[in-house]
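Asks: Below is target.txt; it holds compact mmCIF, C-alpha atoms and all ligand atoms.
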# COMPACT_ATOMS: atom_id res chain seq x y z
CA MET N 1 -67.26 -40.47 -65.31
CA GLU N 2 -68.22 -38.23 -62.41
CA LEU N 3 -71.08 -37.95 -59.99
CA GLU N 4 -71.75 -34.34 -59.06
CA ILE N 5 -73.99 -33.51 -56.12
CA LEU N 6 -76.32 -30.81 -57.44
CA GLY N 7 -78.19 -30.47 -54.15
CA SER N 8 -77.50 -31.92 -50.69
CA GLY N 9 -80.36 -30.44 -48.69
CA THR N 10 -83.58 -31.75 -47.24
CA SER N 11 -87.05 -30.78 -48.51
CA HIS N 12 -86.93 -27.18 -47.17
CA GLY N 13 -83.40 -26.54 -48.46
CA ILE N 14 -80.93 -24.60 -46.30
CA PRO N 15 -81.25 -21.78 -45.41
CA VAL N 16 -84.87 -22.54 -44.53
CA VAL N 17 -87.15 -19.65 -45.47
CA SER N 18 -87.78 -17.50 -42.37
CA CYS N 19 -85.36 -19.46 -40.13
CA GLU N 20 -82.75 -17.56 -38.12
CA CYS N 21 -80.90 -20.54 -36.64
CA PRO N 22 -77.05 -20.51 -36.73
CA VAL N 23 -76.91 -22.99 -39.65
CA CYS N 24 -79.37 -21.00 -41.77
CA ALA N 25 -77.43 -17.81 -40.91
CA SER N 26 -74.02 -19.45 -41.58
CA ASN N 27 -71.50 -17.84 -43.95
CA ASP N 28 -69.97 -21.23 -44.84
CA PRO N 29 -70.95 -21.89 -48.49
CA LYS N 30 -71.25 -25.60 -47.63
CA ASP N 31 -74.16 -24.70 -45.32
CA THR N 32 -76.21 -23.60 -48.32
CA ARG N 33 -77.93 -26.77 -49.47
CA THR N 34 -80.40 -26.86 -52.36
CA ARG N 35 -82.88 -29.70 -52.74
CA ALA N 36 -81.44 -33.20 -53.29
CA SER N 37 -80.31 -34.05 -56.81
CA ALA N 38 -77.25 -35.49 -58.55
CA LEU N 39 -75.73 -35.67 -62.00
CA PHE N 40 -73.71 -38.41 -63.70
CA ARG N 41 -71.55 -37.07 -66.56
CA ASP N 42 -68.95 -38.97 -68.57
CA ASP N 43 -65.91 -37.72 -70.48
CA ASN N 44 -67.93 -37.56 -73.71
CA GLY N 45 -70.52 -35.29 -72.13
CA LEU N 46 -73.22 -37.94 -71.68
CA THR N 47 -75.38 -36.50 -68.90
CA VAL N 48 -77.87 -38.26 -66.66
CA ILE N 49 -79.58 -36.43 -63.79
CA VAL N 50 -81.23 -38.00 -60.77
CA ASP N 51 -84.38 -36.03 -59.77
CA ALA N 52 -85.48 -32.56 -60.86
CA GLY N 53 -86.40 -30.62 -57.73
CA PRO N 54 -87.50 -26.99 -57.37
CA GLU N 55 -83.93 -25.72 -57.96
CA PHE N 56 -83.27 -27.80 -61.08
CA ARG N 57 -82.77 -24.69 -63.22
CA VAL N 58 -80.31 -23.07 -60.81
CA GLN N 59 -78.44 -26.34 -60.34
CA ALA N 60 -78.26 -27.03 -64.10
CA LEU N 61 -76.84 -23.55 -64.73
CA ARG N 62 -74.28 -23.91 -61.95
CA ALA N 63 -73.18 -27.37 -63.17
CA LYS N 64 -73.08 -26.11 -66.79
CA VAL N 65 -75.41 -28.85 -68.00
CA ARG N 66 -75.33 -28.72 -71.81
CA ARG N 67 -77.35 -31.81 -72.59
CA LEU N 68 -79.58 -34.28 -70.82
CA ASP N 69 -79.63 -37.89 -71.99
CA ALA N 70 -81.99 -39.27 -69.32
CA LEU N 71 -83.73 -38.32 -66.10
CA LEU N 72 -83.76 -40.94 -63.34
CA LEU N 73 -86.29 -40.41 -60.56
CA THR N 74 -86.15 -41.67 -57.00
CA HIS N 75 -89.74 -40.82 -55.99
CA ALA N 76 -92.37 -38.15 -56.50
CA HIS N 77 -92.04 -36.04 -53.36
CA ALA N 78 -92.18 -32.33 -54.23
CA ASP N 79 -88.52 -31.68 -53.39
CA HIS N 80 -87.49 -34.24 -56.05
CA ILE N 81 -89.74 -33.47 -59.01
CA HIS N 82 -91.14 -29.94 -58.83
CA GLY N 83 -88.56 -28.58 -61.26
CA LEU N 84 -89.67 -31.03 -63.93
CA ASP N 85 -91.00 -28.37 -66.30
CA ASP N 86 -87.50 -26.91 -66.64
CA VAL N 87 -86.16 -30.01 -68.44
CA ARG N 88 -88.19 -28.65 -71.40
CA ILE N 89 -85.13 -27.02 -72.98
CA PHE N 90 -83.64 -30.50 -73.45
CA THR N 91 -86.74 -31.94 -75.15
CA HIS N 92 -87.09 -29.71 -78.21
CA PHE N 93 -85.67 -32.23 -80.68
CA ALA N 94 -86.43 -35.55 -79.02
CA PRO N 95 -88.49 -36.65 -76.04
CA LEU N 96 -86.54 -37.14 -72.81
CA SER N 97 -86.70 -40.58 -71.25
CA VAL N 98 -87.73 -40.41 -67.59
CA TYR N 99 -87.24 -43.55 -65.51
CA GLY N 100 -89.05 -44.16 -62.21
CA ASN N 101 -91.00 -46.82 -60.36
CA GLY N 102 -94.74 -47.30 -61.04
CA GLU N 103 -95.88 -45.21 -58.03
CA CYS N 104 -93.63 -42.33 -58.99
CA LEU N 105 -94.70 -42.19 -62.65
CA GLU N 106 -98.39 -42.43 -61.70
CA ASP N 107 -97.96 -39.43 -59.38
CA LEU N 108 -96.11 -37.60 -62.13
CA ARG N 109 -99.03 -37.98 -64.56
CA THR N 110 -101.42 -36.51 -61.97
CA ARG N 111 -99.17 -33.75 -60.68
CA PHE N 112 -98.09 -32.63 -64.18
CA ASP N 113 -101.28 -33.50 -66.02
CA TYR N 114 -100.87 -30.60 -68.48
CA ILE N 115 -97.74 -32.28 -69.87
CA PHE N 116 -99.70 -35.34 -70.91
CA LYS N 117 -102.82 -33.56 -72.25
CA ARG N 118 -103.20 -32.59 -75.86
CA THR N 119 -102.95 -28.80 -76.06
CA GLN N 120 -102.58 -26.16 -78.77
CA GLU N 121 -99.39 -25.79 -80.80
CA GLY N 122 -96.85 -23.42 -79.30
CA GLY N 123 -97.75 -23.96 -75.67
CA GLY N 124 -94.28 -24.92 -74.49
CA LYS N 125 -94.13 -27.99 -72.37
CA PRO N 126 -91.64 -30.78 -71.93
CA HIS N 127 -91.84 -33.87 -74.11
CA LEU N 128 -91.31 -36.86 -71.87
CA ASN N 129 -91.18 -40.58 -72.42
CA LEU N 130 -92.06 -42.18 -69.07
CA VAL N 131 -90.41 -45.56 -68.59
CA PRO N 132 -91.39 -47.67 -65.57
CA VAL N 133 -88.60 -49.61 -63.89
CA ALA N 134 -88.42 -51.96 -60.92
CA SER N 135 -85.65 -52.77 -58.47
CA GLY N 136 -82.84 -54.66 -60.18
CA ASP N 137 -83.64 -53.32 -63.65
CA VAL N 138 -80.60 -52.10 -65.54
CA ILE N 139 -81.17 -49.30 -68.02
CA ARG N 140 -78.76 -48.23 -70.71
CA VAL N 141 -78.16 -44.63 -71.60
CA GLY N 142 -75.71 -44.44 -74.49
CA ASN N 143 -73.11 -47.02 -73.50
CA ARG N 144 -73.60 -46.49 -69.75
CA ALA N 145 -75.58 -48.77 -67.46
CA PHE N 146 -77.61 -47.65 -64.45
CA THR N 147 -79.18 -50.04 -61.94
CA ALA N 148 -82.41 -49.21 -60.10
CA ILE N 149 -82.17 -50.12 -56.41
CA GLY N 150 -85.47 -50.58 -54.51
CA LEU N 151 -85.43 -48.95 -51.06
CA THR N 152 -88.05 -47.87 -48.54
CA HIS N 153 -88.77 -44.29 -47.47
CA GLY N 154 -91.30 -44.87 -44.68
CA GLU N 155 -94.10 -46.75 -46.42
CA LEU N 156 -93.18 -45.46 -49.86
CA PRO N 157 -91.16 -47.66 -52.24
CA VAL N 158 -88.42 -45.51 -53.76
CA LEU N 159 -85.40 -46.07 -56.00
CA GLY N 160 -81.73 -45.44 -55.47
CA TRP N 161 -79.44 -45.54 -58.53
CA ARG N 162 -76.10 -47.21 -59.11
CA CYS N 163 -73.63 -46.59 -61.92
CA GLY N 164 -70.36 -48.54 -61.92
CA ASP N 165 -68.86 -48.50 -58.44
CA THR N 166 -70.96 -45.59 -57.21
CA ALA N 167 -74.46 -45.48 -55.70
CA TYR N 168 -76.73 -42.55 -54.90
CA LEU N 169 -79.35 -43.41 -52.27
CA THR N 170 -81.35 -40.38 -51.22
CA ASP N 171 -84.61 -40.49 -49.23
CA CYS N 172 -84.55 -43.88 -47.55
CA ASP N 173 -84.75 -45.42 -44.12
CA ALA N 174 -83.85 -49.03 -44.89
CA ILE N 175 -81.76 -51.10 -47.31
CA PRO N 176 -83.79 -54.27 -48.02
CA PRO N 177 -81.83 -57.52 -48.58
CA ASP N 178 -82.36 -57.40 -52.36
CA ALA N 179 -80.95 -53.88 -52.48
CA GLU N 180 -77.98 -54.99 -50.42
CA LYS N 181 -77.15 -57.53 -53.14
CA LEU N 182 -77.50 -54.92 -55.88
CA LEU N 183 -75.12 -52.68 -53.93
CA SER N 184 -72.47 -55.32 -53.42
CA GLY N 185 -68.96 -54.08 -54.21
CA VAL N 186 -69.96 -50.43 -54.25
CA LYS N 187 -66.95 -48.18 -53.57
CA ASN N 188 -68.59 -44.76 -53.36
CA LEU N 189 -71.88 -44.39 -51.51
CA VAL N 190 -73.98 -41.25 -51.16
CA ILE N 191 -76.69 -41.90 -48.59
CA ASP N 192 -79.62 -40.12 -46.95
CA ALA N 193 -78.67 -38.87 -43.46
CA LEU N 194 -81.14 -36.21 -42.40
CA ARG N 195 -79.96 -35.26 -38.91
CA PRO N 196 -78.76 -36.78 -35.63
CA ARG N 197 -82.30 -37.24 -34.25
CA GLN N 198 -84.57 -40.07 -35.39
CA HIS N 199 -87.03 -39.50 -38.25
CA SER N 200 -89.92 -41.68 -39.40
CA THR N 201 -88.92 -41.87 -43.10
CA HIS N 202 -85.23 -40.92 -43.35
CA PHE N 203 -82.03 -42.45 -41.98
CA ASN N 204 -80.67 -40.35 -39.16
CA PHE N 205 -76.88 -40.13 -38.81
CA SER N 206 -76.55 -43.36 -36.76
CA GLY N 207 -78.86 -45.25 -39.14
CA ALA N 208 -76.79 -44.11 -42.12
CA LEU N 209 -73.60 -45.27 -40.35
CA GLU N 210 -75.15 -48.70 -39.79
CA ALA N 211 -76.06 -48.92 -43.49
CA ILE N 212 -72.51 -47.89 -44.41
CA ASP N 213 -71.15 -50.59 -42.07
CA THR N 214 -73.31 -53.16 -43.87
CA LEU N 215 -72.45 -52.05 -47.41
CA ARG N 216 -68.76 -51.38 -46.69
CA PRO N 217 -67.98 -48.79 -49.37
CA GLN N 218 -64.49 -47.26 -49.46
CA ARG N 219 -65.95 -43.78 -49.10
CA ALA N 220 -69.36 -42.44 -48.14
CA TRP N 221 -71.13 -39.09 -48.05
CA PHE N 222 -74.23 -38.00 -46.13
CA THR N 223 -76.88 -36.14 -48.12
CA HIS N 224 -80.45 -34.77 -47.78
CA ILE N 225 -79.19 -32.90 -44.73
CA CYS N 226 -81.36 -30.56 -42.63
CA HIS N 227 -80.46 -27.44 -40.64
CA ASP N 228 -80.01 -29.17 -37.27
CA MET N 229 -76.22 -29.28 -37.75
CA SER N 230 -73.67 -27.26 -39.75
CA ASN N 231 -71.27 -28.81 -42.26
CA GLU N 232 -68.41 -28.32 -39.75
CA GLY N 233 -70.60 -29.79 -37.00
CA ILE N 234 -71.26 -32.92 -39.07
CA ILE N 235 -67.53 -33.33 -39.79
CA SER N 236 -66.85 -33.22 -36.02
CA TRP N 237 -69.75 -35.60 -35.33
CA LEU N 238 -68.32 -38.07 -37.85
CA GLN N 239 -64.79 -37.82 -36.41
CA GLU N 240 -66.25 -38.71 -33.03
CA ASN N 241 -68.72 -41.40 -34.14
CA SER N 242 -66.91 -43.12 -37.03
CA PRO N 243 -63.21 -42.42 -36.43
CA GLY N 244 -60.83 -43.47 -39.20
CA LYS N 245 -63.57 -43.96 -41.79
CA LYS N 246 -63.84 -41.92 -44.96
CA ILE N 247 -67.31 -40.52 -44.37
CA GLU N 248 -68.13 -36.87 -44.97
CA PRO N 249 -71.14 -34.62 -45.43
CA ALA N 250 -71.87 -34.04 -49.13
CA TRP N 251 -72.17 -30.44 -50.31
CA ASP N 252 -73.60 -28.73 -53.37
CA GLY N 253 -70.98 -29.01 -56.11
CA LEU N 254 -69.13 -32.03 -54.67
CA ARG N 255 -67.71 -34.18 -57.47
CA ILE N 256 -66.97 -37.88 -57.04
CA GLU N 257 -64.93 -39.94 -59.51
CA VAL N 258 -67.02 -42.89 -60.69
CA GLY N 259 -65.25 -46.12 -61.65
CA ILE N 260 -66.77 -48.15 -64.48
CA GLU N 261 -65.89 -51.78 -65.07
CA PRO N 262 -64.82 -52.31 -68.68
CA SER N 263 -67.73 -54.01 -70.50
ZN ZN P 1 -86.53 -35.56 -50.22
ZN ZN P 2 -82.47 -22.98 -39.69
ZN ZN P 3 -88.98 -37.98 -49.93
Is it possible to give me this structure as structure tokens?
Replies:
Amino acid sequence: MELEILGSGTSHGIPVVSCECPVCASNDPKDTRTRASALFRDDNGLTVIVDAGPEFRVQALRAKVRRLDALLLTHAHADHIHGLDDVRIFTHFAPLSVYGNGECLEDLRTRFDYIFKRTQEGGGKPHLNLVPVASGDVIRVGNRAFTAIGLTHGELPVLGWRCGDTAYLTDCDAIPPDAEKLLSGVKNLVIDALRPRQHSTHFNFSGALEAIDTLRPQRAWFTHICHDMSNEGIISWLQENSPGKKIEPAWDGLRIEVGIEPS
């Protein structure tokens, strides 16, 4: 199984519309970051996506997504769900199961009220089966298990997701003790790291390093990155601030091999 980073950017994406800073003007393809999302795909094609942001369609085309077995949500901020309508193509024959915490699914029903209203035949809209989950819940998709990990993102409770030895924790600023237990033994960790400066609801680079020190994965990747620093700049920052550790900035299209314990 693989985890593919579909988008590694913060809520504006990079380049930021109208910004002329060196990172937004960069020619390095790794400095183009679409909104945060990730895809788990196994050798049989089973496909599970985490979040459906504004670039879901572009990301799904680029990653050659042929099927969608489940959508896992982290929270209902616009940069994580505003591509939801485009999952419609995968819901023609059966409703798509969408997993999120109570707050997230409640927001979804308000924000996308047309999806849940009875309307005339032929008006194309996605068919969704909303399934509430709480931290520690394990959901099964086909023969794969995914664990919901409760985190905080400022005052908002959000979910990270773990599959096998790999965890994807976007949009967070703390790993509560319960989450730490659920993340025990994780080998690959993708974690929110917005920028070097502090932020009120996201880990900054130092905060992400502290979380990595606590969770002790073999490898880690920063994600949900903003335009304060280029990909090359982050690599240099990491060489200086966490020498000898396998920590890198994620980038759109990065693929990580996921290990699954035999069940
Ligand atoms: Zn976000
Ligand atoms: Zn910029
Ligand atoms: Zn957010």
Asks: Skip range 155-167 of chain N itself and residues of its chain fewer than 5 positions away, then list as a list of chain:residue names all residues within 8 Å of it, counting only C-alpha atoms.
Replies: N:Leu72, N:Leu73, N:Thr74, N:His75, N:Gly100, N:Asn101, N:Glu103, N:Ser135, N:Arg144, N:Ala145, N:Phe146, N:Thr147, N:Ala148, N:Ile149, N:Gly150, N:Cys172, N:Leu183, N:Gly185, N:Val186, N:Lys187, N:Asn188, N:Leu189, N:Val190, N:Thr201, N:Val258, N:Gly259, N:Ile260, N:Glu261
Asks: Any chance you can output those residues with C-alpha atoms as a compact mmCIF listing (two decimals), keeping the file's coordinate frame?
Replies:
# COMPACT_ATOMS: atom_id res chain seq x y z
CA LEU N 72 -83.76 -40.94 -63.34
CA LEU N 73 -86.29 -40.41 -60.56
CA THR N 74 -86.15 -41.67 -57.00
CA HIS N 75 -89.74 -40.82 -55.99
CA GLY N 100 -89.05 -44.16 -62.21
CA ASN N 101 -91.00 -46.82 -60.36
CA GLU N 103 -95.88 -45.21 -58.03
CA SER N 135 -85.65 -52.77 -58.47
CA ARG N 144 -73.60 -46.49 -69.75
CA ALA N 145 -75.58 -48.77 -67.46
CA PHE N 146 -77.61 -47.65 -64.45
CA THR N 147 -79.18 -50.04 -61.94
CA ALA N 148 -82.41 -49.21 -60.10
CA ILE N 149 -82.17 -50.12 -56.41
CA GLY N 150 -85.47 -50.58 -54.51
CA CYS N 172 -84.55 -43.88 -47.55
CA LEU N 183 -75.12 -52.68 -53.93
CA GLY N 185 -68.96 -54.08 -54.21
CA VAL N 186 -69.96 -50.43 -54.25
CA LYS N 187 -66.95 -48.18 -53.57
CA ASN N 188 -68.59 -44.76 -53.36
CA LEU N 189 -71.88 -44.39 -51.51
CA VAL N 190 -73.98 -41.25 -51.16
CA THR N 201 -88.92 -41.87 -43.10
CA VAL N 258 -67.02 -42.89 -60.69
CA GLY N 259 -65.25 -46.12 -61.65
CA ILE N 260 -66.77 -48.15 -64.48
CA GLU N 261 -65.89 -51.78 -65.07
Asks: Between CA of Pro95 in chain N and CA of Val131 in chain N, what is the distance in Å, rounded to a tenth?
Replies: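 Value for the CA of Pro95 in chain N-CA of Val131 in chain N distance: 11.8 Å.
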Asks: Could you please determine the separation between CA of Leu130 in chain N and CA of Leu105 in chain N in Å, to one decimal place?
Replies: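 CA of Leu105 in chain N lies at a distance of 6.9 Å from CA of Leu130 in chain N.
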Asks: Nearest residue to ligand ZN 1 (chain P) out of N:Pro15, N:Pro196, N:Pro54, N:Gly45, using all atoms listed in the file?
Replies: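 Smallest separation from ligand ZN 1 (chain P) among the options: N:Pro54.
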Asks: Write out as a PyMOL selection string which residues come within 12 Å of range 108-112 of chain N when counting all atoms listed in the file, dropping same-chain ones fewer than 2 positions away.
Replies: chain N and resi 52+73-78+80-85+98-106+114-117+125-132
Asks: Nearest residue to Cys19 in chain N out of N:Glu248, N:Asp137, N:Glu121, N:Asp228, using all atoms listed in the file?
Replies: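 Using all atoms listed in the file, the shortest distance to Cys19 in chain N belongs to N:Asp228.
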Asks: Could you list, as a list in words, all protein and nucleic acid residues with an atom at most 8 Å from ligand ZN 1 (chain P), counting all atoms listed in the file?
Replies: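 What falls inside 8 Å of ligand ZN 1 (chain P) is Thr10, Ser11, Arg35, Ala36, His77, Ala78, Asp79, His80, Thr170, Asp171 and His224 of chain N.
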Asks: Using all atoms listed in the file - which residues lie no farther than 9 Å from the point (-83.8, -30.9, -37.2) in the file's frame? Write them as a ChimeraX atom specification.
Replies: /N:194-197,226-229
Asks: Given the selection you just returned, output its residues as a file containing C-alpha atoms, formatted as an mmCIF file, keeping the file's coordinate frame.
Replies:
data_model
loop_
_atom_site.group_PDB
_atom_site.id
_atom_site.type_symbol
_atom_site.label_atom_id
_atom_site.label_comp_id
_atom_site.auth_asym_id
_atom_site.auth_seq_id
_atom_site.Cartn_x
_atom_site.Cartn_y
_atom_site.Cartn_z
ATOM 1 C CA LEU N 194 -81.140 -36.210 -42.400
ATOM 2 C CA ARG N 195 -79.960 -35.260 -38.910
ATOM 3 C CA PRO N 196 -78.760 -36.780 -35.630
ATOM 4 C CA ARG N 197 -82.300 -37.240 -34.250
ATOM 5 C CA CYS N 226 -81.360 -30.560 -42.630
ATOM 6 C CA HIS N 227 -80.460 -27.440 -40.640
ATOM 7 C CA ASP N 228 -80.010 -29.170 -37.270
ATOM 8 C CA MET N 229 -76.220 -29.280 -37.750
#
Asks: As an exercise, work out the distance from CA of Leu238 in chain N to CA of Lys181 in chain N in Å and give it to one decimal place.
Replies: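 Taking CA of Leu238 in chain N and CA of Lys181 in chain N, their separation equals 26.3 Å.
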Asks: Name the closest residue to Val50 in chain N among the candidates N:Phe93, N:Glu4, N:Ala220, N:Arg62; distances are taken between atoms, counting only C-alpha atoms.
Replies: N:Glu4
